[in-house]
Amino acid sequence: CSSDLMQYRIYQIDQQIPNYRRTKFLIPDICPNCGKINNPQSSIEGHTHYSGFKIIYMRHHCPSCQKDHWSIQKVFPDSDDSDPQLLTYTPSSSLRQFEKRISDFSPRFVDMYHQAEQAENNGNIELAGIGYRAAEEILIKDFAVKFSSDDVEKVSKYTLNSAIGHYFKDSDALGVSADVVRINGNDYAHWNRPQNFDTNQKLQELKAYLDIFISQINVKLMIKNPPVSRNHKSNK
């Protein structure tokens with residue numbers, strides 16, 4: 001099930017009353033507060049009973065960030081096979097859901113990206129631009145530590161500009177996209193920036209090139225971790 005950009009899944013709760021012992025309800029796949037995989041402790045804080053359905057008011061407590069999110073949902077009795085309907089969810093969120101490959105490889109990148117998204121959603125465009133740039137740097141250096149011969153200490157000494165030039169000098173797609181994110185991200189942080197700098201337009205440009213960069217990293221991760229190899233036995 002889905003609402004806007006957020007993806008939801010169905011769970012069940014026992015309301016301890018006849019015909020509502022297996023009540024289906026919805027929770028988002030990721031916590032709208034912290035952006036991590038959502039496995040909250042859910043409880044019904046109140047309800048209103050109508051003919052053939054109930055409106056329930058739910059609290060969802062995320063064990064990752066220890067914060068609550070809330071929902072109002074229309075649910076149906078056990079004898080009715082209808083799926084629940086989400087009426088409202090607070091706080092609302094459209095945090096990006098990354099492929100598991102990226103999330104497992106660089107969880108700190110995902111966390112920083114989500115912080116930048118939250119800043120953007122709250123209208124803090126300057127902070128969002130700085131945050132997306134920081135997220136890119138984390139992903140680049142995680143990639144360098146994993147797939148180059150350099151250790152953490154050496155990788156950490158590279159500036160973002162130097163890291164891009166060193167680790168992606170043979171890839172235009174990675175190098176160019178990373179540089180656009182770096183340069184635009186720097187302009188959000190610097191006091192002296194171009195007079196015609198449009199914060200909203202530049203943020204969308206930054207995010208578009210960051211998407212290119214992330215997709216290229218994902219491709220590299222797929223190639224470096226294939227499900228099969230040429231040594232895989234096959235009769236064909």
# chains A, B, ... in the order shown; residues from 1 in each chain; ligands from 1

$ select_by_dssp --residues "segment 18-215 of chain A" --states "helix (DSSP H, G or I)" --output "number ranges by chain"
A: 100-105, 107-121, 125-147, 152-157, 160-167, 172-189, 199-215

$ residues_around --residues "Lys74 of chain A" --least-positions-apart "5" --cutoff "6 Å" --atoms "only C-alpha atoms" --output "PDB file with N, CA and C atoms, in the first residue's frame"
ATOM      1  N   LYS A  54     -14.383   1.098  12.089  1.00  0.00           N
ATOM      2  CA  LYS A  54     -13.953   1.935  13.201  1.00  0.00           C
ATOM      3  C   LYS A  54     -12.893   2.907  12.711  1.00  0.00           C
ATOM      4  N   ILE A  55     -12.823   4.058  13.340  1.00  0.00           N
ATOM      5  CA  ILE A  55     -11.703   4.988  13.157  1.00  0.00           C
ATOM      6  C   ILE A  55     -10.829   4.851  14.397  1.00  0.00           C
ATOM      7  N   PRO A  84      -7.184  -1.856   5.425  1.00  0.00           N
ATOM      8  CA  PRO A  84      -7.332  -0.605   6.172  1.00  0.00           C
ATOM      9  C   PRO A  84      -7.075   0.603   5.277  1.00  0.00           C
ATOM     10  N   GLN A  85      -7.573   1.742   5.707  1.00  0.00           N
ATOM     11  CA  GLN A  85      -7.374   2.986   4.965  1.00  0.00           C
ATOM     12  C   GLN A  85      -6.689   3.998   5.869  1.00  0.00           C
TER      13      GLN A  85
END

$ residues_around --residues "Leu86 of chain A" --least-positions-apart "5" --cutoff "9 Å" --atoms "only C-alpha atoms" --output "list in words"
Ser3, Phe25, Leu26, Ser71, Ile72, Gln73, Lys74 and Val75 of chain A

$ select_by_dssp --residues "segment 1-224 of chain A" --states "strand (DSSP E)" --output "number ranges by chain"
A: 2-3, 6-13, 23-28, 41-50, 53-61, 68-75, 85-90

$ residues_around --residues "Tyr132 of chain A" --least-positions-apart "6" --cutoff "9 Å" --atoms "only C-alpha atoms" --output "JSON, numbers by chain"
{"A": [112, 113, 114, 115, 116, 117, 181, 185, 206, 207, 210]}

$ closest_atom_pairs --of "segment 50-167 of chain A" --to "segment 29-41 of chain A" --cutoff "9 Å" --atoms "only C-alpha atoms" --output "Markdown table"
| residue | atom | partner | partner_atom | distance |
| --- | --- | --- | --- | --- |
| A:Arg59 | CA | A:Gln41 | CA | 8.1 |
| A:His60 | CA | A:Pro40 | CA | 5.4 |
| A:His61 | CA | A:Pro40 | CA | 5.0 |
| A:Cys62 | CA | A:Pro40 | CA | 4.5 |
| A:Pro63 | CA | A:Pro40 | CA | 6.3 |
| A:Ser64 | CA | A:Lys36 | CA | 7.3 |
| A:Cys65 | CA | A:Cys34 | CA | 6.2 |
| A:Lys67 | CA | A:Asn33 | CA | 7.1 |
| A:Asp68 | CA | A:Asn33 | CA | 8.1 |
| A:His69 | CA | A:Pro32 | CA | 7.3 |
| A:Thr90 | CA | A:Pro32 | CA | 8.1 |
| A:Pro91 | CA | A:Pro32 | CA | 6.3 |
| A:Ser92 | CA | A:Pro32 | CA | 6.5 |
| A:Ser93 | CA | A:Pro32 | CA | 5.2 |
| A:Ser94 | CA | A:Pro32 | CA | 7.8 |
| A:Leu95 | CA | A:Gly35 | CA | 6.5 |
| A:Arg96 | CA | A:Gly35 | CA | 8.2 |
| A:Gln97 | CA | A:Ile30 | CA | 7.8 |
| A:Val110 | CA | A:Gly35 | CA | 8.4 |
| A:Asp111 | CA | A:Gly35 | CA | 7.1 |
| A:His114 | CA | A:Gly35 | CA | 6.2 |
| A:Gln115 | CA | A:Cys34 | CA | 8.0 |
| A:Gln118 | CA | A:Asn33 | CA | 8.7 |

$ closest_residue --among "A:Asp104, A:Glu137, A:Asp198, A:Asp211" --to "Ile164 of chain A" --atoms "only C-alpha atoms"
A:Glu137

$ residues_around --residues "Ala173 of chain A" --least-positions-apart "6" --cutoff "9 Å" --atoms "only C-alpha atoms" --output "MDAnalysis selection string"
chainID A and resid 212:213 216

$ closest_residue --among "A:Leu203, A:Ile44, A:Val176, A:Val152" --to "Asn124 of chain A" --atoms "only C-alpha atoms"
A:Leu203

$ atom_distance --atom1 "atom CA of Gln66 of chain A" --atom2 "atom CA of Tyr20 of chain A"
28.4 Å

$ decode --residues "segment 154-168 of chain A" --atoms "all heavy atoms" --output "compact mmCIF listing (two decimals), in the first residue's frame"
# COMPACT_ATOMS: atom_id res chain seq x y z
N LYS A 154 44.46 7.24 5.55
CA LYS A 154 44.84 7.92 4.31
C LYS A 154 43.62 8.52 3.62
O LYS A 154 43.66 9.67 3.15
CB LYS A 154 45.55 6.96 3.36
CG LYS A 154 46.07 7.62 2.09
CD LYS A 154 46.94 6.69 1.28
CE LYS A 154 47.50 7.39 0.05
NZ LYS A 154 48.37 6.50 -0.76
N VAL A 155 42.54 7.76 3.57
CA VAL A 155 41.33 8.24 2.90
C VAL A 155 40.80 9.49 3.61
O VAL A 155 40.35 10.45 2.98
CB VAL A 155 40.25 7.14 2.88
CG1 VAL A 155 38.90 7.70 2.43
CG2 VAL A 155 40.67 6.00 1.96
N SER A 156 40.85 9.48 4.94
CA SER A 156 40.29 10.59 5.71
C SER A 156 41.02 11.91 5.46
O SER A 156 40.45 12.99 5.66
CB SER A 156 40.32 10.26 7.21
OG SER A 156 41.66 10.20 7.68
N LYS A 157 42.28 11.85 5.01
CA LYS A 157 43.07 13.07 4.80
C LYS A 157 42.74 13.76 3.48
O LYS A 157 43.11 14.92 3.29
CB LYS A 157 44.55 12.73 4.87
CG LYS A 157 45.02 12.33 6.27
CD LYS A 157 46.50 11.99 6.30
CE LYS A 157 46.94 11.62 7.71
NZ LYS A 157 48.37 11.22 7.77
N TYR A 158 42.07 13.06 2.57
CA TYR A 158 41.70 13.68 1.30
C TYR A 158 40.57 14.67 1.50
O TYR A 158 39.60 14.40 2.21
CB TYR A 158 41.23 12.62 0.29
CG TYR A 158 42.33 11.85 -0.39
CD1 TYR A 158 42.58 10.52 -0.06
CD2 TYR A 158 43.11 12.44 -1.38
CE1 TYR A 158 43.57 9.79 -0.69
CE2 TYR A 158 44.12 11.72 -2.02
CZ TYR A 158 44.34 10.40 -1.67
OH TYR A 158 45.34 9.69 -2.30
N THR A 159 40.69 15.86 0.88
CA THR A 159 39.53 16.73 0.76
C THR A 159 38.55 16.07 -0.20
O THR A 159 38.91 15.13 -0.93
CB THR A 159 39.91 18.11 0.22
OG1 THR A 159 40.41 17.96 -1.13
CG2 THR A 159 40.98 18.77 1.09
N LEU A 160 37.32 16.53 -0.24
CA LEU A 160 36.36 15.96 -1.17
C LEU A 160 36.83 16.14 -2.61
O LEU A 160 36.75 15.21 -3.42
CB LEU A 160 34.98 16.61 -0.98
CG LEU A 160 33.86 16.12 -1.92
CD1 LEU A 160 33.71 14.61 -1.85
CD2 LEU A 160 32.55 16.83 -1.59
N ASN A 161 37.34 17.31 -2.93
CA ASN A 161 37.84 17.58 -4.28
C ASN A 161 38.95 16.60 -4.64
O ASN A 161 38.96 16.01 -5.73
CB ASN A 161 38.34 19.02 -4.36
CG ASN A 161 38.77 19.41 -5.77
OD1 ASN A 161 38.33 18.82 -6.74
ND2 ASN A 161 39.63 20.42 -5.86
N SER A 162 39.91 16.41 -3.73
CA SER A 162 41.03 15.51 -4.00
C SER A 162 40.57 14.06 -4.09
O SER A 162 41.07 13.29 -4.92
CB SER A 162 42.08 15.64 -2.89
OG SER A 162 42.61 16.95 -2.86
N ALA A 163 39.62 13.67 -3.27
CA ALA A 163 39.12 12.30 -3.29
C ALA A 163 38.45 11.99 -4.62
O ALA A 163 38.65 10.91 -5.20
CB ALA A 163 38.14 12.08 -2.14
N ILE A 164 37.65 12.93 -5.11
CA ILE A 164 36.99 12.73 -6.41
C ILE A 164 38.03 12.56 -7.51
O ILE A 164 37.96 11.65 -8.34
CB ILE A 164 36.05 13.90 -6.73
CG1 ILE A 164 34.87 13.92 -5.75
CG2 ILE A 164 35.54 13.82 -8.17
CD1 ILE A 164 34.04 15.20 -5.82
N GLY A 165 39.03 13.45 -7.53
CA GLY A 165 40.07 13.38 -8.55
C GLY A 165 40.90 12.11 -8.47
O GLY A 165 41.33 11.56 -9.49
N HIS A 166 41.12 11.63 -7.25
CA HIS A 166 41.98 10.46 -7.07
C HIS A 166 41.25 9.15 -7.36
O HIS A 166 41.76 8.30 -8.10
CB HIS A 166 42.53 10.44 -5.65
CG HIS A 166 43.44 9.29 -5.36
ND1 HIS A 166 44.68 9.15 -5.93
CD2 HIS A 166 43.26 8.19 -4.56
CE1 HIS A 166 45.24 8.03 -5.50
NE2 HIS A 166 44.40 7.43 -4.67
N TYR A 167 40.04 8.98 -6.81
CA TYR A 167 39.37 7.69 -6.89
C TYR A 167 38.49 7.52 -8.14
O TYR A 167 38.18 6.40 -8.51
CB TYR A 167 38.53 7.47 -5.63
CG TYR A 167 39.36 7.37 -4.38
CD1 TYR A 167 39.29 8.34 -3.39
CD2 TYR A 167 40.26 6.31 -4.20
CE1 TYR A 167 40.07 8.26 -2.25
CE2 TYR A 167 41.04 6.22 -3.06
CZ TYR A 167 40.94 7.21 -2.09
OH TYR A 167 41.72 7.13 -0.96
N PHE A 168 38.13 8.64 -8.77
CA PHE A 168 37.23 8.52 -9.93
C PHE A 168 37.81 9.18 -11.17
O PHE A 168 37.07 9.61 -12.06
CB PHE A 168 35.87 9.14 -9.58
CG PHE A 168 35.22 8.51 -8.39
CD1 PHE A 168 34.83 9.29 -7.31
CD2 PHE A 168 35.01 7.14 -8.32
CE1 PHE A 168 34.23 8.71 -6.20
CE2 PHE A 168 34.41 6.55 -7.21
CZ PHE A 168 34.03 7.34 -6.16
